[in-house]
file target-v7.txt (compact mmCIF, N, CA and C atoms)
# COMPACT_ATOMS: atom_id res chain seq x y z
N MET A 13 0.83 -1.19 0.00
CA MET A 13 0.00 0.00 0.00
C MET A 13 0.87 1.25 0.00
N ARG A 14 2.04 1.20 0.62
CA ARG A 14 2.93 2.36 0.66
C ARG A 14 3.23 2.88 -0.74
N SER A 15 3.46 1.95 -1.68
CA SER A 15 3.79 2.39 -3.04
C SER A 15 2.57 3.03 -3.71
N ALA A 16 1.38 2.58 -3.37
CA ALA A 16 0.16 3.19 -3.93
C ALA A 16 -0.01 4.59 -3.37
N VAL A 17 0.24 4.79 -2.08
CA VAL A 17 0.15 6.12 -1.48
C VAL A 17 1.17 7.05 -2.13
N SER A 18 2.41 6.57 -2.28
CA SER A 18 3.47 7.38 -2.90
C SER A 18 3.10 7.74 -4.34
N GLU A 19 2.58 6.78 -5.07
CA GLU A 19 2.16 7.02 -6.45
C GLU A 19 1.05 8.06 -6.49
N GLY A 20 0.11 7.97 -5.57
CA GLY A 20 -0.97 8.95 -5.49
C GLY A 20 -0.46 10.34 -5.20
N ILE A 21 0.48 10.46 -4.28
CA ILE A 21 1.04 11.77 -3.94
C ILE A 21 1.78 12.35 -5.14
N ARG A 22 2.55 11.52 -5.82
CA ARG A 22 3.27 12.00 -7.02
C ARG A 22 2.29 12.52 -8.06
N HIS A 23 1.20 11.80 -8.25
CA HIS A 23 0.23 12.21 -9.26
C HIS A 23 -0.49 13.49 -8.86
N ILE A 24 -0.84 13.61 -7.60
CA ILE A 24 -1.57 14.79 -7.14
C ILE A 24 -0.71 16.05 -7.30
N GLY A 25 0.56 15.97 -6.89
CA GLY A 25 1.42 17.15 -6.98
C GLY A 25 0.76 18.34 -6.31
N ILE A 26 0.60 19.43 -7.06
CA ILE A 26 -0.06 20.61 -6.50
C ILE A 26 -1.48 20.77 -7.05
N GLY A 27 -1.97 19.75 -7.76
CA GLY A 27 -3.30 19.81 -8.35
C GLY A 27 -4.40 19.51 -7.34
N ILE A 28 -5.61 19.64 -7.82
CA ILE A 28 -6.80 19.33 -7.03
C ILE A 28 -7.45 18.12 -7.65
N TYR A 29 -7.45 17.02 -6.92
CA TYR A 29 -8.03 15.78 -7.42
C TYR A 29 -9.04 15.24 -6.42
N SER A 30 -10.03 14.55 -6.96
CA SER A 30 -11.05 13.92 -6.12
C SER A 30 -10.61 12.50 -5.77
N SER A 31 -11.27 11.96 -4.76
CA SER A 31 -10.96 10.59 -4.34
C SER A 31 -11.22 9.60 -5.46
N GLY A 32 -12.29 9.79 -6.20
CA GLY A 32 -12.62 8.87 -7.29
C GLY A 32 -11.58 8.90 -8.40
N LYS A 33 -11.10 10.07 -8.74
CA LYS A 33 -10.10 10.18 -9.81
C LYS A 33 -8.77 9.56 -9.39
N ILE A 34 -8.37 9.74 -8.15
CA ILE A 34 -7.11 9.14 -7.69
C ILE A 34 -7.25 7.63 -7.59
N ARG A 35 -8.40 7.14 -7.13
CA ARG A 35 -8.64 5.69 -7.08
C ARG A 35 -8.55 5.12 -8.49
N GLU A 36 -9.20 5.77 -9.43
CA GLU A 36 -9.17 5.33 -10.82
C GLU A 36 -7.73 5.35 -11.37
N TYR A 37 -7.00 6.40 -11.08
CA TYR A 37 -5.61 6.52 -11.53
C TYR A 37 -4.76 5.36 -10.99
N LEU A 38 -4.89 5.09 -9.70
CA LEU A 38 -4.11 4.01 -9.09
C LEU A 38 -4.48 2.65 -9.67
N MET A 39 -5.76 2.43 -9.91
CA MET A 39 -6.18 1.16 -10.50
C MET A 39 -5.63 1.03 -11.93
N ASN A 40 -5.58 2.14 -12.66
CA ASN A 40 -5.01 2.11 -14.01
C ASN A 40 -3.50 1.85 -13.97
N LYS A 41 -2.87 2.17 -12.84
CA LYS A 41 -1.44 1.92 -12.66
C LYS A 41 -1.18 0.48 -12.23
N GLY A 42 -2.24 -0.30 -12.03
CA GLY A 42 -2.07 -1.71 -11.72
C GLY A 42 -2.38 -2.11 -10.29
N PHE A 43 -2.74 -1.17 -9.44
CA PHE A 43 -3.11 -1.51 -8.06
C PHE A 43 -4.53 -2.04 -8.05
N ASP A 44 -4.78 -3.08 -7.23
CA ASP A 44 -6.15 -3.60 -7.18
C ASP A 44 -7.04 -2.62 -6.40
N HIS A 45 -8.34 -2.86 -6.53
CA HIS A 45 -9.32 -1.93 -5.95
C HIS A 45 -9.12 -1.72 -4.46
N ASP A 46 -8.89 -2.80 -3.71
CA ASP A 46 -8.74 -2.67 -2.25
C ASP A 46 -7.53 -1.84 -1.88
N ILE A 47 -6.40 -2.06 -2.55
CA ILE A 47 -5.18 -1.29 -2.27
C ILE A 47 -5.39 0.17 -2.66
N ALA A 48 -5.98 0.39 -3.84
CA ALA A 48 -6.24 1.77 -4.29
C ALA A 48 -7.17 2.49 -3.32
N SER A 49 -8.21 1.81 -2.86
CA SER A 49 -9.16 2.42 -1.93
C SER A 49 -8.51 2.73 -0.59
N ALA A 50 -7.68 1.82 -0.10
CA ALA A 50 -6.97 2.06 1.16
C ALA A 50 -6.00 3.23 1.02
N ALA A 51 -5.33 3.32 -0.11
CA ALA A 51 -4.42 4.43 -0.35
C ALA A 51 -5.17 5.75 -0.40
N VAL A 52 -6.32 5.76 -1.07
CA VAL A 52 -7.14 6.98 -1.15
C VAL A 52 -7.61 7.38 0.24
N THR A 53 -8.02 6.43 1.05
CA THR A 53 -8.46 6.73 2.42
C THR A 53 -7.33 7.40 3.19
N GLU A 54 -6.13 6.87 3.06
CA GLU A 54 -4.99 7.48 3.75
C GLU A 54 -4.69 8.88 3.20
N LEU A 55 -4.78 9.05 1.90
CA LEU A 55 -4.52 10.37 1.30
C LEU A 55 -5.56 11.40 1.73
N VAL A 56 -6.79 10.96 1.89
CA VAL A 56 -7.85 11.85 2.40
C VAL A 56 -7.53 12.24 3.84
N GLU A 57 -7.20 11.24 4.67
CA GLU A 57 -6.88 11.51 6.08
C GLU A 57 -5.69 12.45 6.23
N ARG A 58 -4.73 12.33 5.33
CA ARG A 58 -3.53 13.17 5.39
C ARG A 58 -3.72 14.53 4.72
N GLY A 59 -4.88 14.76 4.11
CA GLY A 59 -5.19 16.05 3.52
C GLY A 59 -4.73 16.25 2.08
N TYR A 60 -4.25 15.21 1.44
CA TYR A 60 -3.83 15.33 0.04
C TYR A 60 -5.03 15.38 -0.90
N ILE A 61 -6.12 14.73 -0.50
CA ILE A 61 -7.34 14.70 -1.30
C ILE A 61 -8.46 15.33 -0.49
N ASP A 62 -9.20 16.22 -1.13
CA ASP A 62 -10.33 16.88 -0.48
C ASP A 62 -11.46 16.96 -1.51
N ASP A 63 -12.43 16.07 -1.39
CA ASP A 63 -13.53 16.05 -2.34
C ASP A 63 -14.35 17.34 -2.32
N MET A 64 -14.43 17.98 -1.18
CA MET A 64 -15.17 19.25 -1.12
C MET A 64 -14.46 20.30 -1.98
N ARG A 65 -13.17 20.34 -1.91
CA ARG A 65 -12.40 21.29 -2.71
C ARG A 65 -12.52 20.94 -4.20
N ALA A 66 -12.45 19.67 -4.53
CA ALA A 66 -12.61 19.24 -5.92
C ALA A 66 -14.02 19.57 -6.41
N GLY A 67 -15.02 19.39 -5.57
CA GLY A 67 -16.40 19.72 -5.94
C GLY A 67 -16.60 21.21 -6.14
N ARG A 68 -15.98 22.02 -5.28
CA ARG A 68 -16.08 23.48 -5.44
C ARG A 68 -15.46 23.92 -6.76
N LYS A 69 -14.40 23.24 -7.16
CA LYS A 69 -13.76 23.54 -8.45
C LYS A 69 -14.77 23.32 -9.59
N VAL A 70 -15.52 22.24 -9.51
CA VAL A 70 -16.54 21.96 -10.52
C VAL A 70 -17.63 23.02 -10.46
N LEU A 71 -18.13 23.32 -9.26
CA LEU A 71 -19.20 24.31 -9.12
C LEU A 71 -18.77 25.69 -9.62
N ASN A 72 -17.55 26.08 -9.31
CA ASN A 72 -17.06 27.40 -9.71
C ASN A 72 -16.91 27.52 -11.23
N SER A 73 -16.74 26.40 -11.90
CA SER A 73 -16.59 26.44 -13.36
C SER A 73 -17.94 26.48 -14.07
N ARG A 74 -19.03 26.31 -13.34
CA ARG A 74 -20.35 26.23 -13.96
C ARG A 74 -21.24 27.38 -13.50
N THR A 75 -20.79 28.59 -13.69
CA THR A 75 -21.57 29.77 -13.34
C THR A 75 -21.78 30.62 -14.59
N GLY A 76 -22.59 31.65 -14.44
CA GLY A 76 -22.84 32.55 -15.57
C GLY A 76 -23.47 31.83 -16.74
N LYS A 77 -22.87 31.98 -17.91
CA LYS A 77 -23.42 31.37 -19.12
C LYS A 77 -23.29 29.85 -19.10
N LYS A 78 -22.55 29.31 -18.16
CA LYS A 78 -22.39 27.86 -18.04
C LYS A 78 -23.22 27.28 -16.89
N GLN A 79 -24.09 28.10 -16.31
CA GLN A 79 -24.92 27.68 -15.17
C GLN A 79 -25.69 26.41 -15.50
N GLU A 80 -25.80 25.50 -14.54
CA GLU A 80 -26.52 24.25 -14.73
C GLU A 80 -27.44 23.97 -13.54
N SER A 81 -28.37 23.06 -13.77
CA SER A 81 -29.29 22.64 -12.70
C SER A 81 -28.52 21.84 -11.65
N LYS A 82 -29.14 21.67 -10.50
CA LYS A 82 -28.52 20.86 -9.45
C LYS A 82 -28.31 19.42 -9.91
N ARG A 83 -29.25 18.90 -10.64
CA ARG A 83 -29.13 17.52 -11.14
C ARG A 83 -27.92 17.39 -12.05
N MET A 84 -27.74 18.33 -12.93
CA MET A 84 -26.61 18.30 -13.87
C MET A 84 -25.30 18.51 -13.12
N LEU A 85 -25.30 19.41 -12.14
CA LEU A 85 -24.09 19.64 -11.34
C LEU A 85 -23.71 18.39 -10.55
N TYR A 86 -24.71 17.71 -10.01
CA TYR A 86 -24.45 16.47 -9.29
C TYR A 86 -23.78 15.44 -10.21
N GLN A 87 -24.35 15.27 -11.39
CA GLN A 87 -23.78 14.32 -12.36
C GLN A 87 -22.36 14.72 -12.74
N ARG A 88 -22.13 16.00 -12.91
CA ARG A 88 -20.80 16.49 -13.28
C ARG A 88 -19.79 16.21 -12.16
N MET A 89 -20.20 16.44 -10.91
CA MET A 89 -19.29 16.18 -9.78
C MET A 89 -18.99 14.69 -9.64
N ILE A 90 -20.00 13.85 -9.79
CA ILE A 90 -19.79 12.40 -9.70
C ILE A 90 -18.83 11.96 -10.82
N ALA A 91 -19.02 12.49 -12.02
CA ALA A 91 -18.12 12.16 -13.13
C ALA A 91 -16.70 12.62 -12.86
N ALA A 92 -16.56 13.68 -12.05
CA ALA A 92 -15.23 14.19 -11.70
C ALA A 92 -14.63 13.42 -10.52
N GLY A 93 -15.34 12.40 -10.03
CA GLY A 93 -14.82 11.56 -8.97
C GLY A 93 -15.09 12.04 -7.56
N VAL A 94 -15.93 13.06 -7.42
CA VAL A 94 -16.29 13.58 -6.10
C VAL A 94 -17.26 12.58 -5.46
N SER A 95 -17.09 12.31 -4.20
CA SER A 95 -17.98 11.36 -3.52
C SER A 95 -19.41 11.90 -3.51
N SER A 96 -20.38 11.00 -3.54
CA SER A 96 -21.79 11.43 -3.55
C SER A 96 -22.12 12.19 -2.27
N GLU A 97 -21.51 11.81 -1.16
CA GLU A 97 -21.74 12.52 0.11
C GLU A 97 -21.29 13.99 -0.01
N SER A 98 -20.09 14.21 -0.53
CA SER A 98 -19.59 15.58 -0.69
C SER A 98 -20.43 16.37 -1.69
N ALA A 99 -20.81 15.72 -2.79
CA ALA A 99 -21.63 16.38 -3.81
C ALA A 99 -22.97 16.81 -3.22
N ASN A 100 -23.60 15.94 -2.44
CA ASN A 100 -24.89 16.27 -1.83
C ASN A 100 -24.76 17.42 -0.83
N ILE A 101 -23.70 17.43 -0.06
CA ILE A 101 -23.49 18.52 0.90
C ILE A 101 -23.36 19.85 0.17
N MET A 102 -22.53 19.88 -0.86
CA MET A 102 -22.33 21.12 -1.60
C MET A 102 -23.59 21.60 -2.29
N LEU A 103 -24.34 20.67 -2.88
CA LEU A 103 -25.55 21.07 -3.58
C LEU A 103 -26.64 21.54 -2.63
N SER A 104 -26.63 21.04 -1.41
CA SER A 104 -27.62 21.51 -0.43
C SER A 104 -27.38 22.97 -0.06
N GLU A 105 -26.18 23.45 -0.30
CA GLU A 105 -25.83 24.84 0.01
C GLU A 105 -26.02 25.76 -1.19
N CYS A 106 -26.35 25.20 -2.36
CA CYS A 106 -26.52 26.00 -3.58
C CYS A 106 -27.94 26.55 -3.67
N GLU A 107 -28.07 27.59 -4.49
CA GLU A 107 -29.39 28.15 -4.77
C GLU A 107 -30.26 27.10 -5.46
N ASP A 108 -31.58 27.25 -5.37
CA ASP A 108 -32.46 26.28 -6.03
C ASP A 108 -32.47 26.51 -7.55
N ASP A 109 -33.03 25.57 -8.28
CA ASP A 109 -33.01 25.62 -9.74
C ASP A 109 -33.72 26.84 -10.32
N HIS A 110 -34.78 27.30 -9.66
CA HIS A 110 -35.48 28.49 -10.18
C HIS A 110 -34.54 29.69 -10.16
N LYS A 111 -33.82 29.86 -9.09
CA LYS A 111 -32.90 30.99 -8.97
C LYS A 111 -31.76 30.88 -9.98
N THR A 112 -31.18 29.69 -10.10
CA THR A 112 -30.04 29.55 -11.01
C THR A 112 -30.46 29.61 -12.48
N CYS A 113 -31.67 29.16 -12.79
CA CYS A 113 -32.15 29.27 -14.16
C CYS A 113 -32.34 30.74 -14.53
N LEU A 114 -32.86 31.52 -13.61
CA LEU A 114 -32.96 32.97 -13.84
C LEU A 114 -31.58 33.59 -14.03
N MET A 115 -30.61 33.12 -13.25
CA MET A 115 -29.24 33.61 -13.39
C MET A 115 -28.68 33.26 -14.77
N LEU A 116 -29.00 32.07 -15.26
CA LEU A 116 -28.57 31.66 -16.60
C LEU A 116 -29.15 32.62 -17.64
N TYR A 117 -30.45 32.88 -17.56
CA TYR A 117 -31.09 33.78 -18.52
C TYR A 117 -30.48 35.18 -18.46
N GLU A 118 -30.25 35.66 -17.25
CA GLU A 118 -29.64 36.99 -17.08
C GLU A 118 -28.25 37.06 -17.71
N SER A 119 -27.49 35.98 -17.57
CA SER A 119 -26.13 35.99 -18.12
C SER A 119 -26.15 35.90 -19.65
N LEU A 120 -27.14 35.23 -20.20
CA LEU A 120 -27.23 35.08 -21.65
C LEU A 120 -27.67 36.38 -22.32
N ILE A 121 -28.65 37.06 -21.73
CA ILE A 121 -29.13 38.34 -22.27
C ILE A 121 -29.31 39.31 -21.11
N PRO A 122 -28.23 40.00 -20.72
CA PRO A 122 -28.34 40.90 -19.56
C PRO A 122 -29.19 42.14 -19.81
N ASP A 123 -29.34 42.56 -21.08
CA ASP A 123 -30.12 43.76 -21.38
C ASP A 123 -31.32 43.35 -22.24
N ARG A 124 -32.50 43.36 -21.64
CA ARG A 124 -33.71 42.95 -22.36
C ARG A 124 -34.40 44.12 -23.04
N SER A 125 -33.85 45.30 -22.95
CA SER A 125 -34.55 46.48 -23.46
C SER A 125 -34.79 46.41 -24.97
N GLY A 126 -33.95 45.71 -25.72
CA GLY A 126 -34.11 45.62 -27.17
C GLY A 126 -35.02 44.49 -27.61
N LEU A 127 -35.52 43.71 -26.69
CA LEU A 127 -36.38 42.58 -27.06
C LEU A 127 -37.77 43.07 -27.42
N LYS A 128 -38.42 42.36 -28.34
CA LYS A 128 -39.77 42.69 -28.75
C LYS A 128 -40.75 42.38 -27.64
N ASP A 129 -41.96 42.91 -27.79
CA ASP A 129 -43.01 42.64 -26.81
C ASP A 129 -43.45 41.18 -26.86
N ASP A 130 -43.28 40.53 -27.99
CA ASP A 130 -43.68 39.13 -28.14
C ASP A 130 -42.48 38.24 -27.80
N PRO A 131 -42.56 37.49 -26.71
CA PRO A 131 -41.41 36.70 -26.28
C PRO A 131 -41.20 35.41 -27.06
N SER A 132 -42.12 35.06 -27.98
CA SER A 132 -42.02 33.76 -28.63
C SER A 132 -40.74 33.63 -29.47
N ASP A 133 -40.24 34.75 -30.00
CA ASP A 133 -39.01 34.70 -30.80
C ASP A 133 -37.84 34.12 -30.00
N ILE A 134 -37.72 34.58 -28.79
CA ILE A 134 -36.56 34.19 -27.98
C ILE A 134 -36.85 33.06 -27.00
N SER A 135 -38.12 32.85 -26.67
CA SER A 135 -38.43 31.87 -25.63
C SER A 135 -37.96 30.47 -25.99
N ARG A 136 -38.16 30.06 -27.23
CA ARG A 136 -37.75 28.71 -27.62
C ARG A 136 -36.24 28.52 -27.44
N ALA A 137 -35.47 29.48 -27.87
CA ALA A 137 -34.01 29.36 -27.77
C ALA A 137 -33.54 29.35 -26.32
N MET A 138 -34.14 30.21 -25.52
CA MET A 138 -33.73 30.30 -24.11
C MET A 138 -34.14 29.04 -23.34
N ILE A 139 -35.34 28.57 -23.57
CA ILE A 139 -35.81 27.37 -22.89
C ILE A 139 -35.00 26.16 -23.35
N LYS A 140 -34.68 26.10 -24.63
CA LYS A 140 -33.85 25.01 -25.15
C LYS A 140 -32.49 25.01 -24.46
N LYS A 141 -31.91 26.17 -24.27
CA LYS A 141 -30.61 26.28 -23.58
C LYS A 141 -30.73 25.79 -22.15
N ALA A 142 -31.80 26.18 -21.46
CA ALA A 142 -32.00 25.74 -20.07
C ALA A 142 -32.21 24.23 -19.99
N LEU A 143 -32.95 23.67 -20.94
CA LEU A 143 -33.16 22.22 -20.96
C LEU A 143 -31.83 21.49 -21.15
N ALA A 144 -30.97 22.03 -22.01
CA ALA A 144 -29.66 21.42 -22.24
C ALA A 144 -28.78 21.50 -20.99
N ARG A 145 -29.08 22.44 -20.11
CA ARG A 145 -28.32 22.58 -18.87
C ARG A 145 -28.95 21.82 -17.72
N GLY A 146 -29.93 20.97 -18.01
CA GLY A 146 -30.49 20.08 -17.01
C GLY A 146 -31.73 20.57 -16.29
N TYR A 147 -32.24 21.72 -16.65
CA TYR A 147 -33.46 22.23 -16.00
C TYR A 147 -34.67 21.53 -16.60
N SER A 148 -35.69 21.30 -15.79
CA SER A 148 -36.92 20.70 -16.30
C SER A 148 -37.63 21.73 -17.18
N TYR A 149 -38.53 21.24 -18.03
CA TYR A 149 -39.28 22.15 -18.88
C TYR A 149 -40.09 23.13 -18.04
N GLU A 150 -40.68 22.62 -16.97
CA GLU A 150 -41.50 23.48 -16.11
C GLU A 150 -40.68 24.62 -15.52
N VAL A 151 -39.51 24.30 -14.98
CA VAL A 151 -38.64 25.33 -14.39
C VAL A 151 -38.19 26.31 -15.48
N ALA A 152 -37.75 25.78 -16.62
CA ALA A 152 -37.25 26.64 -17.70
C ALA A 152 -38.33 27.58 -18.20
N SER A 153 -39.52 27.06 -18.38
CA SER A 153 -40.63 27.87 -18.89
C SER A 153 -41.08 28.92 -17.87
N ASN A 154 -41.28 28.49 -16.62
CA ASN A 154 -41.69 29.44 -15.58
C ASN A 154 -40.65 30.54 -15.38
N CYS A 155 -39.39 30.16 -15.39
CA CYS A 155 -38.33 31.14 -15.20
C CYS A 155 -38.24 32.08 -16.39
N PHE A 156 -38.48 31.57 -17.60
CA PHE A 156 -38.47 32.45 -18.76
C PHE A 156 -39.56 33.51 -18.63
N ASP A 157 -40.76 33.07 -18.27
CA ASP A 157 -41.87 34.02 -18.11
C ASP A 157 -41.52 35.08 -17.06
N LYS A 158 -40.97 34.67 -15.95
CA LYS A 158 -40.59 35.60 -14.89
C LYS A 158 -39.49 36.53 -15.38
N TRP A 159 -38.47 35.96 -16.02
CA TRP A 159 -37.34 36.75 -16.53
C TRP A 159 -37.81 37.78 -17.55
N PHE A 160 -38.67 37.36 -18.49
CA PHE A 160 -39.11 38.24 -19.55
C PHE A 160 -39.99 39.37 -19.01
N ASP A 161 -40.81 39.06 -18.00
CA ASP A 161 -41.75 40.05 -17.46
C ASP A 161 -41.10 41.05 -16.51
N ASP A 162 -39.94 40.71 -15.94
CA ASP A 162 -39.29 41.63 -14.98
C ASP A 162 -38.70 42.84 -15.67
call {"tool": "encode", "arguments": {"input": "target-v7.txt", "output": "structure tokens"}}
result
Amino acid sequence: MRSAVSEGIRHIGIGIYSSGKIREYLMNKGFDHDIASAAVTELVERGYIDDMRAGRKVLNSRTGKKQESKRMLYQRMIAAGVSSESANIMLSECEDDHKTCLMLYESLIPDRSGLKDDPSDISRAMIKKALARGYSYEVASNCFDKWFDD
């Protein structure tokens, strides 16, 4: 296990890695799952791996025009190797989907003064963008109506 811990430390260097990514890296280097998991546990205890920090890195990259729903953010964090426990903690502290969907719309078109009185021209494109970012149709549509009317 010592060699797995050393290999993990070498790979981490000064980067920010999640427990899942380091476990995967060690297994790709030939360590079996149990050894890789034990090494990751030790690296977490020693402070080399911090899933909360890795999760914040993901969250910070998905703001403004890249804003996503909580469901999509959760999937993105899990794919980045963040533990489900850490992902759930961080998402519980985030704004709800209605608020973040409005933030997405605001970032896409911050000045609505040039828009026509008829929102149908832009509503399809904006709602489509929100759906692609993981928002439900109901949230995307309700938020568009609120955003357009404000």
call {"tool": "atom_distance", "arguments": {"input": "target-v7.txt", "atom1": "atom CA of A:Ser95", "atom2": "atom CA of A:Arg22"}}
result
21.5 Å
call {"tool": "residues_near_point", "arguments": {"input": "target-v7.txt", "point": "(-33.4, 35.6, -15.6)", "cutoff": "6.5 Å", "atoms": "only N, CA and C atoms", "output": "JSON, numbers by chain"}}
result
{"A": [113, 114, 115, 116, 117, 118, 119, 155, 158, 159, 160]}
call {"tool": "closest_residue", "arguments": {"input": "target-v7.txt", "among": "A:Ala99, A:Leu71, A:Leu120, A:Tyr60", "to": "A:Gly20", "atoms": "only N, CA and C atoms"}}
result
A:Tyr60
call {"tool": "closest_residue", "arguments": {"input": "target-v7.txt", "among": "A:His23, A:Arg14, A:Lys33, A:Arg145", "to": "A:Met84", "atoms": "only N, CA and C atoms"}}
result
A:Arg145
call {"tool": "residues_around", "arguments": {"input": "target-v7.txt", "residues": "A:Asn100", "least_positions_apart": "6", "cutoff": "12 Å", "atoms": "only C-alpha atoms", "output": "count of residues only"}}
result
13
call {"tool": "closest_residue", "arguments": {"input": "target-v7.txt", "among": "A:Ala137, A:Ala152, A:Ala92, A:Ala51", "to": "A:Ala66", "atoms": "only C-alpha atoms"}}
result
A:Ala92
call {"tool": "decode", "arguments": {"input": "target-v7.txt", "residues": "stretch 34-58 of chain A", "atoms": "N, CA and C atoms", "output": "mmCIF file, in the first residue's frame"}}
result
data_model
loop_
_atom_site.group_PDB
_atom_site.id
_atom_site.type_symbol
_atom_site.label_atom_id
_atom_site.label_comp_id
_atom_site.auth_asym_id
_atom_site.auth_seq_id
_atom_site.Cartn_x
_atom_site.Cartn_y
_atom_site.Cartn_z
ATOM 1 N N ILE A 34 -8.372 9.738 -8.146
ATOM 2 C CA ILE A 34 -7.110 9.139 -7.694
ATOM 3 C C ILE A 34 -7.249 7.627 -7.591
ATOM 4 N N ARG A 35 -8.400 7.143 -7.126
ATOM 5 C CA ARG A 35 -8.640 5.693 -7.079
ATOM 6 C C ARG A 35 -8.554 5.118 -8.490
ATOM 7 N N GLU A 36 -9.199 5.769 -9.431
ATOM 8 C CA GLU A 36 -9.169 5.327 -10.825
ATOM 9 C C GLU A 36 -7.735 5.348 -11.374
ATOM 10 N N TYR A 37 -7.001 6.404 -11.076
ATOM 11 C CA TYR A 37 -5.611 6.521 -11.532
ATOM 12 C C TYR A 37 -4.764 5.362 -10.992
ATOM 13 N N LEU A 38 -4.892 5.089 -9.696
ATOM 14 C CA LEU A 38 -4.111 4.012 -9.089
ATOM 15 C C LEU A 38 -4.477 2.649 -9.672
ATOM 16 N N MET A 39 -5.759 2.430 -9.912
ATOM 17 C CA MET A 39 -6.177 1.160 -10.501
ATOM 18 C C MET A 39 -5.633 1.026 -11.933
ATOM 19 N N ASN A 40 -5.585 2.141 -12.665
ATOM 20 C CA ASN A 40 -5.007 2.112 -14.015
ATOM 21 C C ASN A 40 -3.503 1.849 -13.969
ATOM 22 N N LYS A 41 -2.874 2.170 -12.842
ATOM 23 C CA LYS A 41 -1.445 1.920 -12.662
ATOM 24 C C LYS A 41 -1.178 0.480 -12.226
ATOM 25 N N GLY A 42 -2.244 -0.301 -12.033
ATOM 26 C CA GLY A 42 -2.071 -1.709 -11.725
ATOM 27 C C GLY A 42 -2.379 -2.112 -10.291
ATOM 28 N N PHE A 43 -2.744 -1.171 -9.439
ATOM 29 C CA PHE A 43 -3.109 -1.512 -8.063
ATOM 30 C C PHE A 43 -4.532 -2.045 -8.052
ATOM 31 N N ASP A 44 -4.784 -3.078 -7.234
ATOM 32 C CA ASP A 44 -6.147 -3.597 -7.180
ATOM 33 C C ASP A 44 -7.040 -2.624 -6.402
ATOM 34 N N HIS A 45 -8.339 -2.862 -6.526
ATOM 35 C CA HIS A 45 -9.324 -1.931 -5.952
ATOM 36 C C HIS A 45 -9.124 -1.720 -4.459
ATOM 37 N N ASP A 46 -8.893 -2.796 -3.707
ATOM 38 C CA ASP A 46 -8.743 -2.670 -2.251
ATOM 39 C C ASP A 46 -7.527 -1.839 -1.880
ATOM 40 N N ILE A 47 -6.402 -2.062 -2.548
ATOM 41 C CA ILE A 47 -5.182 -1.291 -2.273
ATOM 42 C C ILE A 47 -5.393 0.174 -2.662
ATOM 43 N N ALA A 48 -5.984 0.393 -3.839
ATOM 44 C CA ALA A 48 -6.235 1.768 -4.293
ATOM 45 C C ALA A 48 -7.172 2.487 -3.322
ATOM 46 N N SER A 49 -8.211 1.809 -2.864
ATOM 47 C CA SER A 49 -9.163 2.416 -1.926
ATOM 48 C C SER A 49 -8.505 2.732 -0.591
ATOM 49 N N ALA A 50 -7.676 1.816 -0.102
ATOM 50 C CA ALA A 50 -6.971 2.059 1.164
ATOM 51 C C ALA A 50 -6.004 3.231 1.022
ATOM 52 N N ALA A 51 -5.335 3.323 -0.113
ATOM 53 C CA ALA A 51 -4.418 4.432 -0.351
ATOM 54 C C ALA A 51 -5.174 5.754 -0.402
ATOM 55 N N VAL A 52 -6.323 5.759 -1.068
ATOM 56 C CA VAL A 52 -7.139 6.976 -1.151
ATOM 57 C C VAL A 52 -7.609 7.382 0.240
ATOM 58 N N THR A 53 -8.024 6.430 1.048
ATOM 59 C CA THR A 53 -8.460 6.727 2.416
ATOM 60 C C THR A 53 -7.335 7.399 3.190
ATOM 61 N N GLU A 54 -6.126 6.873 3.057
ATOM 62 C CA GLU A 54 -4.991 7.481 3.747
ATOM 63 C C GLU A 54 -4.689 8.875 3.204
ATOM 64 N N LEU A 55 -4.777 9.053 1.900
ATOM 65 C CA LEU A 55 -4.517 10.367 1.298
ATOM 66 C C LEU A 55 -5.563 11.401 1.728
ATOM 67 N N VAL A 56 -6.794 10.958 1.890
ATOM 68 C CA VAL A 56 -7.848 11.848 2.399
ATOM 69 C C VAL A 56 -7.532 12.242 3.843
ATOM 70 N N GLU A 57 -7.198 11.243 4.667
ATOM 71 C CA GLU A 57 -6.879 11.509 6.078
ATOM 72 C C GLU A 57 -5.686 12.451 6.228
ATOM 73 N N ARG A 58 -4.726 12.334 5.326
ATOM 74 C CA ARG A 58 -3.529 13.166 5.390
ATOM 75 C C ARG A 58 -3.720 14.530 4.723
#
